[in-house]
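A.B. asks: Just dropping this structure here.
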Amino acid sequence: MKKLFLVCIMVCASVIGIKADDGSRLWLKQQTGKNAQVSTTDKSVSPTLILAIKELQDAWSGEAIVLKKQKDKRLNKEGFLIRKNGEQLLVSSPSDVGLLYGAYYLLRQQAMGQPLLDEVIENPFYDTRILNHWDNLDGSVERGYAGRSLWQWEELPDTVSTRYEAYARANASIGINATVLNNVNASPEILSAAYLQKVKTLADIFRPYGIQVYLSVNFASPMVIGGLSTADSQNKEVNRWWKEKAKEIYQLIPDFGGFLVKANSEGQPGPGDYNRTHAEGANMLADALKPYGGKVMWRTFVYSPEDADRAKQAYLEFYPLDGQFRNNVILQVKNGPVDFQPREPYTPLFGAMQHTETMPEFQITQEYLGHANHLAYLAPMWEEFNGLVNPTSQKALSGVANIGTDANWTGHPFGQANWYAFGRLAWNPYLTSEMIADEWLKQTFNTDSAFVDPVKEMMLESREAVVNYMMPLGLHHTFAFGHHYGPEPWCDVPGARPDWLPTYYHRADKEGLGFDRSSTGSNATAQYPDSLARLYDNIKTCPEEYILWFHHVPWTHRMKSGKTLWEELCYKFDEGVQQARGFQQTWDKMQTYVDSETFNDVQLRLKIQALDAMWWRDACLLYFQQFSEMPIPYELERPVYELEEMKRFKLNIDNHENAPHGFK
Ligand code: GCV
């Protein structure tokens with residue numbers, strides 16, 4: 001891909017130009033050196049307050065500002081109030097970090113050219129707004145598409161990259177207040193004394209920005225680094241080991257957030273190895289952290305094959321444990337019951353757990369949405385989730401980060417919008433995707449509506465476009481094995497678990513397509529509240545975007561449009577391709593509004609996206625056609641690839657070698 005990128009820069013380097021921009025400043029592009037008048041009524045000026053003052057002094061071009069630490073019953077701990085006070089602006093908050101958030105609010109309004117209301121009151125909705133890094137200690141990032149891990153473990157604690165502070169600042173500017181540094185497939189080494197020193201260094205850098213550090217822990221740590229012969233949660237020595245470890249951590253990092261745990265999932269150790277429940281395992285860790293106010297975020301991403309339907313597993317394993325967890329345990333639940341697919345219904349554990357706190361896990365990195373090659377603005381997906389699962393029942397929100405060492409942090413320049421959107425939705429889940437896209441575009445590029453309006457429209461359409469060309473109508477997991485990038489609905493890997501293979505999910509046969517999860521099938525619909533269970537269970541009322549998720553639908557089934565399922569499928573795939581091509585047209589018209597580096601980068605990625613969309617359409621339709629035995633409607637474009645040819649592609653995901661369209 002790199003080679004082509006260079007060629008493209010030479011060929012298309014814009015002559016009309018805005019200066020090239022490597023994207024490293026993200027949405028924080030305000031002009032500095034303003035020397036604004038900023039004062040504080042506070043006698044003791046904390047490092048956080050110093051940051052707030054500095055940010056405003058540097059970039060604010062309005063009236064004088066007074067920052068005041070003050071309680072107000074309308075504000076929660078991190079909230080802030082801004083009002084005009086004669087010739088001055090008064091920003092108040094019960095906390096220093098609230099004042100910092102107030103400063104970023106003002107700078108955002110300024111960058112967007114938005115007038116200030118007479119009084120602004122903002123409170124973050126979720127208490128914990130946390131990124132999950134799937135970063136390994138060797139510098140690789142699981143499902144990361146933006147370079148290597150930001151954390152230079154081998155250099156820490158002595159050498160400190162300037163990017164650590166830039167990372168903290170970017171997060172604080174959108175209200176993110178916590179981060180899990182390492183992969184949930186956790187190396188026990190992270191809890192060794194040497195690594196904890198490195199973690200402490202990062203925590204010290206993040207603290208002034210209001211960011212708490214958490215760690216993913218490996219359940220078998222007491223054995224691997226503690227030398228014990230067991231990790232059983234009912235063993236006294238194991239309990240003592242975790243208590244000592246917690247003490248050691250809090251001595252170094254007094255505001256340490258807690259542990260994130262993936263247990264008994266995809267080969268990770270857990271309490272199940274000793275016939276203990278998830279509650280018993282989680283409670284042991286919770287007890288160790290309790291004296292210090294720490295939390296355990298225990299993931300529900302489990303799918304041991306006890307039931308024939310993977311989508312039912314998390315519910316089956318966790319629902320019976322409701323009420324058995326300590327109150328400093330939060331169950332971290334993926335938004336959908338399978339695995340971050342382009343579209344899934346919500347995981348029915350939300351709402352079902354009445355006596356246990358739950359928190360959603362979103363995936364910002366685009367593992368199943370075209371990696372860093374496809375433009376897929378994810379706020380509409382999260383907005384859809386928030387419309388189904390009432391956010392008021394949750395106090396925390398997590399997102400798997402898409403950040404790496406790439407100069408622009410996220411690989412695709414529009415990947416920044418997903419990081420931004422996650423933070424903004426964690427601050428306020430009632431913001432619309434449209435409002436967030438508007439904010440991001442105006443701060444990142446410019447405020448000209450001739451640019452903002454069409455590009456915003458493209459962003460808002462982009463997630464649905466991905467659904468259309470990859471997995472319309474509730475199809476899911478038709479990905480190639482392992483890298484989750486291209487299509488392989490035919491994929492069969494001898495010896496692999498059936499529920500890692502596309503055929504398990506799409507169930508195509510001569511009669512039809514889709515997984516029967518209704519009462520005539522796996523009965524997963526019964527895990528939903530009654531009204532939804534009835535809606536999903538009946539093929540006539542099931543929303544069509546989920547129809548192949550919940551039903552095995554005959555090829556000749558009449559859809560709402562009057563088309564048969566087969567025709568509808570063909571139209572949806574084709575629509576996705578046309579949408580991807582439309583994005584190219586939209587973007588090409590934007591050349592004068594965007595710096596040349598970003599323009600060319602996005603242009604190339606959109607080209608790949610459009611070609612990938614055709615690859616997806618042709619692979620899926622030609623494969624499914626073997627079962628439907630019906631023609632692709634003649635008014636639609638003909639496939640450009642041969643099925644047998646596509647079956648031979650074995651994409652090397654590191655360099656895209658062997659992609660059907662030859663991109664390297
Ligand atoms: C961190 C999926 C991904 C894995 C990931 C896992 C999880 O299976 O493919 O890479 O592992 O989810 O969320 O734990």
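Lettering and numbering for the structure tokens are positional, with chains as A, B, ... in the shown order, residues counted from 1 in each chain, and ligands counted from 1 in the shown order.
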Residues at most 6 Å from region 172-183 of chain A, counting only C-alpha atoms, excluding those fewer than 6 positions away in the same chain, as a list in words?

C.D. replies: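 The contact residues come out as Tyr104, Arg129, Ile130, Leu131, Asn132, His133, Trp134, Asp135, Asn136, Tyr209, Gly210, Ile211, Gln212, Val213, Tyr214, Leu215, Ser216, Gly423 and Arg424 of chain A.
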
A.B. asks: Using only C-alpha atoms and all ligand atoms, find each residue with an atom at most 6 Å away from ligand 1 and format the answer as a list in words.

C.D. replies: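 Those residues are Glu142, Arg143, Val184 and Asn185 of chain A.
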
A.B. asks: From the DSSP assignment of the backbone, select every residue of region 335-510 of chain A that is alpha helix (DSSP H), and format the answer as a short mmCIF file (atom, residue, chain, number, x, y, z; two decimals) with N, CA and C atoms, in the first residue's frame.

C.D. replies:
```cif
data_model
loop_
_atom_site.label_atom_id
_atom_site.label_comp_id
_atom_site.auth_asym_id
_atom_site.auth_seq_id
_atom_site.Cartn_x
_atom_site.Cartn_y
_atom_site.Cartn_z
N LEU A 349 -28.20 -9.23 27.87
CA LEU A 349 -27.83 -9.08 29.29
C LEU A 349 -28.13 -7.67 29.79
N PHE A 350 -28.04 -6.69 28.87
CA PHE A 350 -28.40 -5.32 29.26
C PHE A 350 -29.88 -5.32 29.65
N GLY A 351 -30.15 -4.81 30.77
CA GLY A 351 -31.55 -4.77 31.20
C GLY A 351 -31.93 -6.01 31.98
N ALA A 352 -31.37 -7.17 31.61
CA ALA A 352 -31.73 -8.40 32.32
C ALA A 352 -31.07 -8.45 33.69
N ALA A 379 -20.51 6.61 15.05
CA ALA A 379 -21.49 7.19 15.97
C ALA A 379 -22.92 6.71 15.69
N PRO A 380 -23.34 6.56 14.42
CA PRO A 380 -24.69 6.08 14.19
C PRO A 380 -24.95 4.67 14.77
N MET A 381 -23.91 3.84 14.78
CA MET A 381 -24.06 2.50 15.35
C MET A 381 -24.28 2.59 16.86
N TRP A 382 -23.52 3.49 17.50
CA TRP A 382 -23.64 3.62 18.96
C TRP A 382 -24.93 4.34 19.32
N GLU A 383 -25.34 5.24 18.47
CA GLU A 383 -26.61 5.94 18.70
C GLU A 383 -27.77 4.93 18.62
N GLU A 384 -27.67 4.03 17.65
CA GLU A 384 -28.68 2.97 17.48
C GLU A 384 -28.75 2.13 18.76
N PHE A 385 -27.59 1.78 19.30
CA PHE A 385 -27.53 0.99 20.53
C PHE A 385 -28.18 1.76 21.68
N ASN A 386 -27.82 3.04 21.80
CA ASN A 386 -28.38 3.86 22.89
C ASN A 386 -29.89 4.01 22.78
N GLY A 387 -30.40 3.88 21.56
CA GLY A 387 -31.85 3.95 21.38
C GLY A 387 -32.55 2.68 21.88
N LEU A 388 -31.80 1.58 21.97
CA LEU A 388 -32.40 0.32 22.41
C LEU A 388 -32.11 0.01 23.88
N GLY A 415 -10.75 7.98 11.10
CA GLY A 415 -10.76 7.18 12.33
C GLY A 415 -10.72 8.09 13.56
N GLN A 416 -10.13 9.26 13.39
CA GLN A 416 -10.11 10.22 14.50
C GLN A 416 -11.53 10.59 14.94
N ALA A 417 -12.43 10.62 13.97
CA ALA A 417 -13.82 10.99 14.28
C ALA A 417 -14.45 9.95 15.21
N ASN A 418 -14.02 8.70 15.09
CA ASN A 418 -14.59 7.66 15.94
C ASN A 418 -14.07 7.75 17.38
N TRP A 419 -12.81 8.07 17.51
CA TRP A 419 -12.25 8.33 18.86
C TRP A 419 -13.00 9.52 19.47
N TYR A 420 -13.12 10.57 18.67
CA TYR A 420 -13.82 11.78 19.13
C TYR A 420 -15.27 11.46 19.53
N ALA A 421 -15.95 10.73 18.66
CA ALA A 421 -17.37 10.43 18.90
C ALA A 421 -17.54 9.58 20.16
N PHE A 422 -16.63 8.65 20.37
CA PHE A 422 -16.75 7.83 21.58
C PHE A 422 -16.68 8.72 22.83
N GLY A 423 -15.70 9.62 22.84
CA GLY A 423 -15.56 10.50 24.00
C GLY A 423 -16.79 11.38 24.20
N ARG A 424 -17.27 11.92 23.12
CA ARG A 424 -18.43 12.83 23.24
C ARG A 424 -19.69 12.09 23.67
N LEU A 425 -19.86 10.85 23.17
CA LEU A 425 -21.05 10.08 23.58
C LEU A 425 -20.92 9.60 25.02
N ALA A 426 -19.69 9.40 25.47
CA ALA A 426 -19.50 9.01 26.87
C ALA A 426 -19.80 10.21 27.78
N TRP A 427 -19.55 11.38 27.25
CA TRP A 427 -19.89 12.59 28.01
C TRP A 427 -21.40 12.81 27.99
N SER A 433 -25.44 11.73 16.23
CA SER A 433 -24.28 11.48 15.36
C SER A 433 -24.00 12.71 14.51
N GLU A 434 -25.08 13.36 14.12
CA GLU A 434 -24.95 14.53 13.25
C GLU A 434 -24.25 15.67 13.98
N MET A 435 -24.64 15.91 15.23
CA MET A 435 -24.01 16.99 16.00
C MET A 435 -22.53 16.71 16.20
N ILE A 436 -22.22 15.46 16.46
CA ILE A 436 -20.82 15.11 16.74
C ILE A 436 -19.97 15.23 15.47
N ALA A 437 -20.52 14.77 14.35
CA ALA A 437 -19.78 14.88 13.08
C ALA A 437 -19.54 16.36 12.76
N ASP A 438 -20.55 17.16 13.02
CA ASP A 438 -20.44 18.59 12.77
C ASP A 438 -19.30 19.20 13.59
N GLU A 439 -19.29 18.86 14.87
CA GLU A 439 -18.22 19.37 15.76
C GLU A 439 -16.85 18.94 15.25
N TRP A 440 -16.76 17.65 14.95
CA TRP A 440 -15.44 17.11 14.58
C TRP A 440 -14.93 17.73 13.28
N LEU A 441 -15.82 17.83 12.31
CA LEU A 441 -15.40 18.38 11.01
C LEU A 441 -14.97 19.83 11.14
N LYS A 442 -15.74 20.59 11.90
CA LYS A 442 -15.43 22.02 12.00
C LYS A 442 -14.11 22.24 12.73
N GLN A 443 -13.83 21.43 13.73
CA GLN A 443 -12.57 21.61 14.46
C GLN A 443 -11.39 21.03 13.69
N THR A 444 -11.62 19.93 12.98
CA THR A 444 -10.51 19.23 12.34
C THR A 444 -10.16 19.86 10.99
N SER A 449 -19.60 25.70 5.23
CA SER A 449 -20.69 24.72 5.05
C SER A 449 -20.60 24.00 3.70
N ALA A 450 -19.93 24.62 2.73
CA ALA A 450 -19.76 23.93 1.44
C ALA A 450 -18.89 22.69 1.61
N PHE A 451 -18.10 22.66 2.66
CA PHE A 451 -17.32 21.47 2.98
C PHE A 451 -18.05 20.60 4.01
N VAL A 452 -18.47 21.24 5.09
CA VAL A 452 -19.02 20.48 6.23
C VAL A 452 -20.27 19.70 5.82
N ASP A 453 -21.18 20.31 5.09
CA ASP A 453 -22.46 19.64 4.82
C ASP A 453 -22.31 18.35 4.01
N PRO A 454 -21.65 18.40 2.85
CA PRO A 454 -21.54 17.13 2.11
C PRO A 454 -20.69 16.07 2.80
N VAL A 455 -19.63 16.52 3.47
CA VAL A 455 -18.76 15.52 4.12
C VAL A 455 -19.48 14.89 5.31
N LYS A 456 -20.25 15.72 6.00
CA LYS A 456 -21.04 15.19 7.12
C LYS A 456 -22.04 14.16 6.61
N GLU A 457 -22.66 14.47 5.51
CA GLU A 457 -23.63 13.53 4.93
C GLU A 457 -22.95 12.19 4.60
N MET A 458 -21.75 12.30 4.03
CA MET A 458 -20.99 11.09 3.71
C MET A 458 -20.70 10.30 4.99
N MET A 459 -20.27 11.00 6.03
CA MET A 459 -19.98 10.31 7.29
C MET A 459 -21.23 9.61 7.82
N LEU A 460 -22.34 10.32 7.81
CA LEU A 460 -23.56 9.76 8.39
C LEU A 460 -24.05 8.53 7.63
N GLU A 461 -23.73 8.48 6.35
CA GLU A 461 -24.17 7.36 5.53
C GLU A 461 -23.20 6.17 5.60
N SER A 462 -21.98 6.45 6.09
CA SER A 462 -20.90 5.50 5.87
C SER A 462 -21.07 4.16 6.60
N ARG A 463 -21.57 4.18 7.81
CA ARG A 463 -21.70 2.89 8.51
C ARG A 463 -22.74 1.99 7.81
N GLU A 464 -23.85 2.63 7.37
CA GLU A 464 -24.88 1.84 6.69
C GLU A 464 -24.34 1.30 5.37
N ALA A 465 -23.47 2.09 4.73
CA ALA A 465 -22.87 1.62 3.48
C ALA A 465 -22.06 0.35 3.73
N VAL A 466 -21.29 0.36 4.82
CA VAL A 466 -20.49 -0.83 5.15
C VAL A 466 -21.41 -2.03 5.40
N VAL A 467 -22.48 -1.79 6.15
CA VAL A 467 -23.45 -2.87 6.39
C VAL A 467 -23.96 -3.38 5.05
N ASN A 468 -24.30 -2.48 4.16
CA ASN A 468 -24.87 -2.90 2.87
C ASN A 468 -23.91 -3.74 2.04
N TYR A 469 -22.66 -3.29 1.92
CA TYR A 469 -21.78 -4.08 1.04
C TYR A 469 -21.13 -5.26 1.73
N MET A 470 -21.19 -5.29 3.08
CA MET A 470 -20.62 -6.47 3.77
C MET A 470 -21.69 -7.45 4.24
N PRO A 502 -17.94 -18.84 8.94
CA PRO A 502 -19.10 -18.14 8.39
C PRO A 502 -20.32 -19.05 8.15
N THR A 503 -20.09 -20.29 7.70
CA THR A 503 -21.23 -21.16 7.38
C THR A 503 -22.10 -21.40 8.61
N TYR A 504 -21.49 -21.36 9.80
CA TYR A 504 -22.25 -21.52 11.04
C TYR A 504 -23.26 -20.38 11.20
N TYR A 505 -22.87 -19.19 10.72
CA TYR A 505 -23.71 -18.00 10.93
C TYR A 505 -24.73 -17.76 9.82
N HIS A 506 -24.31 -17.99 8.55
CA HIS A 506 -25.28 -17.61 7.50
C HIS A 506 -26.21 -18.77 7.12
#
```

A.B. asks: Identify, on the basis of only C-alpha atoms, every residue whose closest approach to Lys68 (chain A) does not exceed 9 Å; exclude the query and any residue fewer than 2 positions from it along the same chain; express the result as a list in words.

C.D. replies: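 Residues near the query, excluding close chain neighbours: Ser39, Thr40, Thr41, Asp42, Val66, Gln70, Leu90, Val91, Ser92, Ser93, Pro94, Asp96 and Leu99 of chain A.
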
A.B. asks: Given the selection you just returned, output its residues as a file containing C-alpha atoms, formatted as a PDB file, in the first residue's frame.

C.D. replies:
```
ATOM      1  CA  SER A  39      -7.209  34.216  36.403  1.00  0.00           C
ATOM      2  CA  THR A  40      -8.300  31.931  39.189  1.00  0.00           C
ATOM      3  CA  THR A  41      -9.787  32.553  42.608  1.00  0.00           C
ATOM      4  CA  ASP A  42      -8.072  29.437  43.869  1.00  0.00           C
ATOM      5  CA  VAL A  66     -12.085  33.657  35.841  1.00  0.00           C
ATOM      6  CA  GLN A  70     -17.000  26.013  43.685  1.00  0.00           C
ATOM      7  CA  LEU A  90     -16.883  32.851  34.941  1.00  0.00           C
ATOM      8  CA  VAL A  91     -16.094  29.143  34.714  1.00  0.00           C
ATOM      9  CA  SER A  92     -16.837  27.213  37.887  1.00  0.00           C
ATOM     10  CA  SER A  93     -16.719  23.590  38.934  1.00  0.00           C
ATOM     11  CA  PRO A  94     -16.398  21.595  42.142  1.00  0.00           C
ATOM     12  CA  ASP A  96     -10.038  21.148  38.934  1.00  0.00           C
ATOM     13  CA  LEU A  99     -12.478  23.511  35.144  1.00  0.00           C
TER      14      LEU A  99
END
```

A.B. asks: Could you pull the residues within 12 Å of Ala314 (chain A), counting only C-alpha atoms, minus those fewer than 2 positions along the same chain, as number ranges by chain?

C.D. replies: A: 264-265, 278, 299-307, 309-312, 316-321, 331-339, 347-350, 352-353, 524, 527

A.B. asks: Taking 2 positions as the minimum chain separation for residues in the same chain, which residues sit within 7 Å of Lys77 (chain A) when counting only C-alpha atoms? Answer as a CSV table (one decimal) with N, CA, C and O atoms, in the first residue's frame.

C.D. replies:
```
chain,number,residue,atom,x,y,z
A,75,LEU,N,-24.2,20.7,39.7
A,75,LEU,CA,-23.1,20.1,39.1
A,75,LEU,C,-22.6,18.9,39.8
A,75,LEU,O,-22.6,18.8,41.0
A,79,GLY,N,-18.5,18.2,36.6
A,79,GLY,CA,-19.3,19.1,35.7
A,79,GLY,C,-18.8,20.6,35.8
A,79,GLY,O,-17.9,20.9,36.6
A,94,PRO,N,-16.9,22.1,40.8
A,94,PRO,CA,-16.4,21.6,42.1
A,94,PRO,C,-15.0,21.0,42.1
A,94,PRO,O,-14.4,20.8,43.1
A,95,SER,N,-14.5,20.7,40.9
A,95,SER,CA,-13.2,20.1,40.8
A,95,SER,C,-12.3,20.8,39.8
A,95,SER,O,-12.8,21.5,38.8
```

A.B. asks: Hey, can you check how far CA of Met297 (chain A) sits from CA of Val217 (chain A)?

C.D. replies: 10.4 Å

A.B. asks: Find the residue from A:Ser522, A:Gln114, A:Thr48, A:Gln366 that sits nearest to Tyr101 (chain A); use only C-alpha atoms when measuring.

C.D. replies: A:Thr48

A.B. asks: Please list as a short mmCIF file (atom, residue, chain, number, x, y, z; two decimals) with C-alpha atoms, in the first residue's frame every residue within 7 Å of Thr556 (chain A), counting only C-alpha atoms and excluding residues in the same chain fewer than 6 positions away.

C.D. replies:
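Generated output (out.cif):
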```cif
data_model
loop_
_atom_site.label_atom_id
_atom_site.label_comp_id
_atom_site.auth_asym_id
_atom_site.auth_seq_id
_atom_site.Cartn_x
_atom_site.Cartn_y
_atom_site.Cartn_z
CA THR A 564 -37.94 -11.52 -2.81
CA LEU A 565 -35.23 -12.04 -0.22
CA TRP A 566 -32.77 -12.90 -2.99
#
```

A.B. asks: If you count only C-alpha atoms, which residues fall within 7 Å of Glu78 (chain A), apart from same-chain ones fewer than 5 positions away, as a PyMOL selection string?

C.D. replies: chain A and resi 95+97-98+123-124

A.B. asks: In Å, how far is it from CA of Tyr105 (chain A) to CA of Lys43 (chain A)?

C.D. replies: 23.6 Å

A.B. asks: Of the residues A:Ile205, A:Ala59, A:Leu28, A:Leu375, which is the one nearest to Trp587 (chain A), using only C-alpha atoms?

C.D. replies: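 Closest to Trp587 (chain A), using only C-alpha atoms: A:Leu375.
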
A.B. asks: Please, what distance in Å, to one decimal, runs between CA of Met112 (chain A) and CA of Arg207 (chain A)?

C.D. replies: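 A separation of 28.1 Å between them.
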
A.B. asks: Please determine, counting only C-alpha atoms, which residue among A:Gln363, A:Gln609, A:Thr525, A:Thr159 has the shortest atom-to-atom distance to Asn402 (chain A).

C.D. replies: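 Closest candidate: A:Gln363.
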